[in-house]
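All remarks here apply to the structure that follows.
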Number of protein chains: 2
Amino acid sequence: MTNKIAVIGLGKAGLPIASVIADSGFEVIGVDIDERKCADINSGKNPIPEEMGLGELIKRHGGKDLIATTRYDDAKECEVFIIIVPLFTDENNNPDYRIIESAFRNVGRLLNKGDLVVLETSVPPKTTEERARKWLEEESGLALGEFYLAYSPERIMTGFSISRLEKFPKVVGGVNKESGQKAFVTYQKFIPNLHLVSSARVAEFIKIAEGCYRDVNIGLANELFKIADELDVNFYEARTYANHEYCHIHLPSTGVGGHCIPVYPWFLVNDMEKRGKFDYAKLLRTAREINDEMIEYWAEKIVLELECMETNRPLNELKICVKGISFREGVKELYHSRNLALAKLLMERGLDVYVYDELYSSEEVGEMGLRWIEPEDADLVFDSFRLTLKARE
Amino acid sequence: MTNKIAVIGLGKAGLPIASVIADSGFEVIGVDIDERKCADINSGKNPIPEEMGLGELIKRHGGKDLIATTRYDDAKECEVFIIIVPLFTDENNNPDYRIIESAFRNVGRLLNKGDLVVLETSVPPKTTEERARKWLEEESGLALGEFYLAYSPERIMTGFSISRLEKFPKVVGGVNKESGQKAFVTYQKFIPNLHLVSSARVAEFIKIAEGCYRDVNIGLANELFKIADELDVNFYEARTYANHEYCHIHLPSTGVGGHCIPVYPWFLVNDMEKRGKFDYAKLLRTAREINDEMIEYWAEKIVLELECMETNRPLNELKICVKGISFREGVKELYHSRNLALAKLLMERGLDVYVYDELYSSEEVGEMGLRWIEPEDADLVFDSFRLTLKARE
């Protein structure tokens, strides 16, 4: 039986699963490029304090059953390799596979007959069967069949990742039948709510489809919010009573940020357009546009509010505070943050813009080229998470 | 206390609520233009047999506490009037208010001081406060304040209407505060799960927003189905494991039919476009287009399947059976049926098209200008509800 499992990538998704695997009785070798993070983990210190329950697991296993290292060679005795590294996209929303390719090629060099490799990073469907297989075969000199390859999408949510691993349904699918079976039996040892699906491709599609559901439904919430506002209907009151067992209207926002939801629809949109199927992803594209354009809507609202303030001062001398700049409340992460984009848009329009976020210090804000302010010192505060505008009395 | 309640319109939505009100101890006068239906109800016969539990209520109250009539004058002693008549739309998807206006004007002529009128038909937001109020004031000579006016959207689902009235959350809102209160207190006597919202307009918006959620999510399911098919992924398998507490991917279809869901988004789209807010309803419009275009997608699939059949016969000599023509399975209703539209589209393309539906006889099918066939006699059967294609072996 496999007792040594390697987890490649100890980020917000990788470290929780590495810790859960260690807690299930396995020796885990975690590989990450960040030396300081590895040192922290090995000394029992949790580098992601906002992750509930993680601190305890790191304390219990860090440097013991969970060894963090920057060297792939330290994982050479492992028989299972879980790859959970970031996938970024370029300015045309196409995936940049370099990090993922590097992880697979490094694992490929360590691969022995009978080993299992599982990808967890969210990727466009077919990535595992086409790209990952090729990378492994090229580096290992082995052919699929001599090793096993599967896909199992992470379904974490920062802050709740440990409980998600313990309770939430997780799926796994292989690039061939044996790989699916092997990965399923292995994962069952540390994932209680596990489901085997018919292929890696189906598992990849599942994760992307979930993201598309979220993005389209946030787009719908944003659209209904704008309409309700135009009709002078309180959107939140209407939503409360519209929603029931069969109706799940989401919450409006300044758009959709982070590494996941705003990115996944493009995987399908771009793929369909490459195939000449331009009308196969038009809802996904429209929802993306609506969500990205919400900052224009809010900028207009803010300007209207400034115009209604009776101050006798020019608009561009009124201090605006964008309260909340991270992409999601309580998560210190700015990737594709629409709140930050809104602050920058208002600045471009010549307004006197400041920001406030309890997760960021005034120094950190300054390093982003923005100015920090206490909300009570601003003439107008836009609360990015509550979508409220409040003028100084 | 009010003991006599009029229900105007004894259709699929009106008759269930009329029966539930009668069963709650009120005398109900039901007004409908259909004399034969009225006679049936008065003799205890249920004109909507597919409605579970309705037969029992009609048997118990029809002709006794529930009197059906074609004459508005028979309702002149009522103090509460519930209007639940159809609202059709024209070819530009604009509402045709004639039936609803006629009902309100007829009720207006009977109105006494202190009476309550509640609209249940799904309508564009503001209809109750602007149109209905004017119709009542013009006919009654009374001003709002002398009578009460509210809106409470029906949330029935054919087949489950009685249980929906008994269990499902229902909302009510007045055109002014007193009307809302009055309608809430009255409805509480026969609707257990009732919620008062701040205005008739909010209540109108709630019903339309629910329909938009459904239409957009069916559009998303159809789009994801097409993408999955293009990627050779089994959509249904993916959907099973993608869905969980926070993910509710709907089922794909030939489009969206019936009187409700395909109509409501246009109320908002047309209203926003009239206001010059062309970008405020683009997701709703796109979802409508996707759903309406699904018949083109299925027609193409059917033709491809015919081309793959090795019969040596010309395509237009192969008998195609569209199995299922009603807009929804188990509901004998053809309004905006996309299954029927698909059969007609295939005929326009010169194919040899037949239909089968267990709810319709061959004579009824003939009257629609279509030809009836037993599925086993066709060369290719398209099951509209299961979206499967089956060639004769």
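Starting from 1 in every chain, residues are counted up; chains themselves are A, B, ... following the order of the structure tokens, and ligands are numbered from 1 as listed.
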* Run DSSP on the backbone of this structure and report the residues of segment 269-358 of chain B it assigns to strand (DSSP E), as an MDAnalysis selection string. => chainID B and resid 319:323 352:356
Dump C-alpha atoms for the selected residues as an mmCIF file, in the first residue's frame?
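New file selection.cif:
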```
data_model
loop_
_atom_site.group_PDB
_atom_site.id
_atom_site.type_symbol
_atom_site.label_atom_id
_atom_site.label_comp_id
_atom_site.auth_asym_id
_atom_site.auth_seq_id
_atom_site.Cartn_x
_atom_site.Cartn_y
_atom_site.Cartn_z
ATOM 1 C CA LYS B 319 -40.328 8.811 -41.310
ATOM 2 C CA ILE B 320 -39.399 11.009 -38.353
ATOM 3 C CA CYS B 321 -41.509 10.853 -35.199
ATOM 4 C CA VAL B 322 -41.400 13.774 -32.777
ATOM 5 C CA LYS B 323 -42.514 12.042 -29.589
ATOM 6 C CA ASP B 352 -41.339 13.398 -43.559
ATOM 7 C CA VAL B 353 -42.489 14.367 -40.086
ATOM 8 C CA TYR B 354 -45.036 12.717 -37.811
ATOM 9 C CA VAL B 355 -45.824 13.249 -34.158
ATOM 10 C CA TYR B 356 -46.874 11.166 -31.197
#
```
What are the nearest atom pairs, with distances in Å to one decimal, for all residues of chain A that come at most 6 Å from chain B, using only C-alpha atoms, set out by chain and rising residue number as JSON lines?
```
{"residue": "A:Val202", "atom": "CA", "partner": "B:Val233", "partner_atom": "CA", "distance": 5.8}
{"residue": "A:Ile206", "atom": "CA", "partner": "B:Ala242", "partner_atom": "CA", "distance": 5.1}
{"residue": "A:Glu210", "atom": "CA", "partner": "B:Ala242", "partner_atom": "CA", "distance": 5.9}
{"residue": "A:Val233", "atom": "CA", "partner": "B:Val202", "partner_atom": "CA", "distance": 5.8}
{"residue": "A:Ala238", "atom": "CA", "partner": "B:Ile206", "partner_atom": "CA", "distance": 5.3}
{"residue": "A:Ala242", "atom": "CA", "partner": "B:Ile206", "partner_atom": "CA", "distance": 5.1}
```
Based on the selection just made, write N, CA and C atoms of those residues as a tab-separated table (two decimals), in the first residue's frame.
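Result file follows (part-v2.tsv):
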```tsv
chain	number	residue	atom	x	y	z
A	202	VAL	N	-14.72	14.47	-18.01
A	202	VAL	CA	-15.99	14.77	-17.33
A	202	VAL	C	-15.70	15.51	-16.02
A	206	ILE	N	-16.98	19.23	-15.07
A	206	ILE	CA	-17.80	19.47	-13.87
A	206	ILE	C	-17.34	20.74	-13.16
A	210	GLU	N	-19.57	24.27	-12.92
A	210	GLU	CA	-19.92	24.89	-11.64
A	210	GLU	C	-19.57	26.37	-11.63
A	233	VAL	N	-37.58	49.31	-7.15
A	233	VAL	CA	-37.93	48.12	-6.36
A	233	VAL	C	-36.70	47.77	-5.53
A	238	ALA	N	-37.06	41.86	-2.73
A	238	ALA	CA	-37.63	40.99	-3.77
A	238	ALA	C	-36.92	39.63	-3.78
A	242	ALA	N	-38.45	35.97	-3.53
A	242	ALA	CA	-38.43	35.24	-4.81
A	242	ALA	C	-37.77	33.88	-4.60
```
* Structure fact -> Using only C-alpha atoms, the residue out of B:Cys38, B:Leu387, B:Leu304, B:Ala200 with shortest distance to Pro153 of chain B is B:Ala200
* Using only C-alpha atoms, which residues sit within 9 Å of Asn176 of chain A once same-chain residues fewer than 5 positions away are excluded, as JSON, numbers by chain? -> {"A": [129, 144, 145, 148, 149, 150, 181, 198, 199, 200]}
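Taking atom CA of Gly324 of chain B and atom CA of Gly14 of chain B as endpoints, the distance between them is 26.8 Å.
When only C-alpha atoms are used to compute distances to Gly330 of chain B, the closest of the residues B:Ile261, B:Leu54, B:Leu318, B:Met157 turns out to be B:Met157.
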* Extract the full set of helix (DSSP H, G or I) residues from segment 117-275 of chain A according to DSSP on the backbone, and format it as number ranges by chain. => A: 127-140, 161-167, 177-187, 200-230, 235-242, 264-274
* To do: Please provide the set of residues having any atom within 10 Å of Thr89 of chain A, restricted to only C-alpha atoms, with same-chain residues fewer than 2 positions apart removed, written as a ChimeraX atom specification.
  => /A:86-87,91-97,259,263-264,266-267
Could you save the residues just selected, with N, CA and C atoms, as a PDB file, in the first residue's frame?
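The result, written out as result-v2.pdb:
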```pdb
ATOM      1  N   PRO A  86      -1.000  26.823  -9.459  1.00  0.00           N
ATOM      2  CA  PRO A  86      -1.874  27.800 -10.122  1.00  0.00           C
ATOM      3  C   PRO A  86      -1.833  27.700 -11.642  1.00  0.00           C
ATOM      4  N   LEU A  87      -2.951  28.084 -12.244  1.00  0.00           N
ATOM      5  CA  LEU A  87      -3.020  28.235 -13.700  1.00  0.00           C
ATOM      6  C   LEU A  87      -3.448  29.676 -13.967  1.00  0.00           C
ATOM      7  N   GLU A  91      -3.762  37.914 -21.401  1.00  0.00           N
ATOM      8  CA  GLU A  91      -4.695  39.033 -21.580  1.00  0.00           C
ATOM      9  C   GLU A  91      -5.882  38.649 -22.482  1.00  0.00           C
ATOM     10  N   ASN A  92      -5.762  37.568 -23.240  1.00  0.00           N
ATOM     11  CA  ASN A  92      -6.902  37.104 -24.038  1.00  0.00           C
ATOM     12  C   ASN A  92      -7.659  35.977 -23.332  1.00  0.00           C
ATOM     13  N   ASN A  93      -7.381  35.820 -22.045  1.00  0.00           N
ATOM     14  CA  ASN A  93      -8.050  34.808 -21.231  1.00  0.00           C
ATOM     15  C   ASN A  93      -7.723  33.381 -21.661  1.00  0.00           C
ATOM     16  N   ASN A  94      -6.588  33.215 -22.328  1.00  0.00           N
ATOM     17  CA  ASN A  94      -6.142  31.865 -22.641  1.00  0.00           C
ATOM     18  C   ASN A  94      -5.216  31.391 -21.532  1.00  0.00           C
ATOM     19  N   PRO A  95      -5.306  30.092 -21.161  1.00  0.00           N
ATOM     20  CA  PRO A  95      -4.478  29.600 -20.063  1.00  0.00           C
ATOM     21  C   PRO A  95      -2.997  29.651 -20.417  1.00  0.00           C
ATOM     22  N   ASP A  96      -2.224  29.987 -19.405  1.00  0.00           N
ATOM     23  CA  ASP A  96      -0.773  29.943 -19.539  1.00  0.00           C
ATOM     24  C   ASP A  96      -0.340  28.686 -18.777  1.00  0.00           C
ATOM     25  N   TYR A  97       0.031  27.651 -19.533  1.00  0.00           N
ATOM     26  CA  TYR A  97       0.262  26.340 -18.911  1.00  0.00           C
ATOM     27  C   TYR A  97       1.653  26.178 -18.314  1.00  0.00           C
ATOM     28  N   HIS A 259      -9.326  34.068  -8.722  1.00  0.00           N
ATOM     29  CA  HIS A 259      -8.661  33.248  -9.748  1.00  0.00           C
ATOM     30  C   HIS A 259      -9.617  32.324 -10.477  1.00  0.00           C
ATOM     31  N   VAL A 263     -12.567  33.353 -14.620  1.00  0.00           N
ATOM     32  CA  VAL A 263     -11.638  32.758 -15.579  1.00  0.00           C
ATOM     33  C   VAL A 263     -12.262  31.561 -16.297  1.00  0.00           C
ATOM     34  N   TYR A 264     -12.964  30.715 -15.551  1.00  0.00           N
ATOM     35  CA  TYR A 264     -13.440  29.444 -16.123  1.00  0.00           C
ATOM     36  C   TYR A 264     -14.348  29.584 -17.347  1.00  0.00           C
ATOM     37  N   TRP A 266     -14.218  31.552 -19.719  1.00  0.00           N
ATOM     38  CA  TRP A 266     -13.395  31.777 -20.916  1.00  0.00           C
ATOM     39  C   TRP A 266     -12.822  30.491 -21.463  1.00  0.00           C
ATOM     40  N   PHE A 267     -12.545  29.509 -20.586  1.00  0.00           N
ATOM     41  CA  PHE A 267     -12.021  28.221 -21.073  1.00  0.00           C
ATOM     42  C   PHE A 267     -12.984  27.651 -22.113  1.00  0.00           C
TER      43      PHE A 267
END
```
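Excluding segment 20-22 of chain A itself and any same-chain residue fewer than 3 positions from it, the protein and nucleic acid residues within 8 Å of it, counting only C-alpha atoms, are A:Pro16, A:Ile17, A:Gly25, A:Phe26, A:Glu27, A:Val28, A:Leu57, A:His61, A:Asp65, A:Leu66, A:Ile162, A:Leu165, A:Phe190.
Atom CA of Ile67 of chain A to atom CA of Ser43 of chain A spans 9.7 Å [interatomic distance, one decimal].
Atom CA of Lys113 of chain A to atom CA of Glu130 of chain A spans 19.9 Å [interatomic distance, one decimal].
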* If we count only C-alpha atoms, what is near segment 343-345 of chain B at a cut-off of 12 Å, once residues fewer than 4 positions away on the same chain are taken out, given as a ChimeraX atom specification? -> /B:254,293-300,302-303,320-326,337-339,349-356,365,368-372,381-384
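For Asp32 of chain A, the non-local neighbours within 9 Å, defined as residues at least 2 positions apart in the same chain or in other chains and counting only C-alpha atoms, are Val7, Ile8, Gly9, Leu10, Gly11, Gly30, Asp34, Glu35, Lys37, Cys38, Ala68, Thr69, Thr70, Arg71, Tyr72 and Val85 of chain A.
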Serialized selection, N, CA and C atoms, as a PDB file, in the first residue's frame:
```pdb
ATOM      1  N   VAL A   7       2.430  16.154  -2.671  1.00  0.00           N
ATOM      2  CA  VAL A   7       1.497  17.197  -3.102  1.00  0.00           C
ATOM      3  C   VAL A   7       2.331  18.336  -3.672  1.00  0.00           C
ATOM      4  N   ILE A   8       2.136  18.607  -4.967  1.00  0.00           N
ATOM      5  CA  ILE A   8       2.931  19.645  -5.630  1.00  0.00           C
ATOM      6  C   ILE A   8       2.124  20.938  -5.631  1.00  0.00           C
ATOM      7  N   GLY A   9       2.615  21.930  -4.876  1.00  0.00           N
ATOM      8  CA  GLY A   9       1.899  23.207  -4.737  1.00  0.00           C
ATOM      9  C   GLY A   9       1.251  23.271  -3.368  1.00  0.00           C
ATOM     10  N   LEU A  10       1.765  24.149  -2.500  1.00  0.00           N
ATOM     11  CA  LEU A  10       1.229  24.254  -1.138  1.00  0.00           C
ATOM     12  C   LEU A  10       0.537  25.604  -0.947  1.00  0.00           C
ATOM     13  N   GLY A  11      -0.259  25.979  -1.934  1.00  0.00           N
ATOM     14  CA  GLY A  11      -1.018  27.227  -1.863  1.00  0.00           C
ATOM     15  C   GLY A  11      -2.327  27.032  -1.120  1.00  0.00           C
ATOM     16  N   GLY A  30       5.371  17.727   0.626  1.00  0.00           N
ATOM     17  CA  GLY A  30       4.782  18.863  -0.079  1.00  0.00           C
ATOM     18  C   GLY A  30       5.863  19.649  -0.784  1.00  0.00           C
ATOM     19  N   ASP A  34       8.252  28.247  -2.635  1.00  0.00           N
ATOM     20  CA  ASP A  34       8.448  29.287  -1.615  1.00  0.00           C
ATOM     21  C   ASP A  34       9.182  28.703  -0.397  1.00  0.00           C
ATOM     22  N   GLU A  35      10.471  29.019  -0.314  1.00  0.00           N
ATOM     23  CA  GLU A  35      11.309  28.444   0.755  1.00  0.00           C
ATOM     24  C   GLU A  35      10.830  28.822   2.144  1.00  0.00           C
ATOM     25  N   LYS A  37       7.825  29.673   3.106  1.00  0.00           N
ATOM     26  CA  LYS A  37       6.578  28.964   3.430  1.00  0.00           C
ATOM     27  C   LYS A  37       6.897  27.525   3.875  1.00  0.00           C
ATOM     28  N   CYS A  38       7.854  26.888   3.173  1.00  0.00           N
ATOM     29  CA  CYS A  38       8.234  25.517   3.531  1.00  0.00           C
ATOM     30  C   CYS A  38       8.800  25.473   4.957  1.00  0.00           C
ATOM     31  N   ALA A  68       7.584  19.848   4.071  1.00  0.00           N
ATOM     32  CA  ALA A  68       7.536  20.784   2.944  1.00  0.00           C
ATOM     33  C   ALA A  68       8.937  20.994   2.417  1.00  0.00           C
ATOM     34  N   THR A  69       9.061  21.047   1.098  1.00  0.00           N
ATOM     35  CA  THR A  69      10.392  21.152   0.477  1.00  0.00           C
ATOM     36  C   THR A  69      10.294  21.894  -0.851  1.00  0.00           C
ATOM     37  N   THR A  70      11.400  22.486  -1.264  1.00  0.00           N
ATOM     38  CA  THR A  70      11.421  23.136  -2.583  1.00  0.00           C
ATOM     39  C   THR A  70      11.993  22.188  -3.642  1.00  0.00           C
ATOM     40  N   ARG A  71      12.453  21.013  -3.193  1.00  0.00           N
ATOM     41  CA  ARG A  71      13.127  20.101  -4.136  1.00  0.00           C
ATOM     42  C   ARG A  71      12.264  18.901  -4.502  1.00  0.00           C
ATOM     43  N   TYR A  72      11.982  18.754  -5.784  1.00  0.00           N
ATOM     44  CA  TYR A  72      11.191  17.611  -6.248  1.00  0.00           C
ATOM     45  C   TYR A  72      11.836  16.282  -5.857  1.00  0.00           C
ATOM     46  N   VAL A  85      -1.188  23.261  -8.580  1.00  0.00           N
ATOM     47  CA  VAL A  85      -0.441  24.517  -8.747  1.00  0.00           C
ATOM     48  C   VAL A  85      -1.328  25.523  -9.490  1.00  0.00           C
TER      49      VAL A  85
END
```
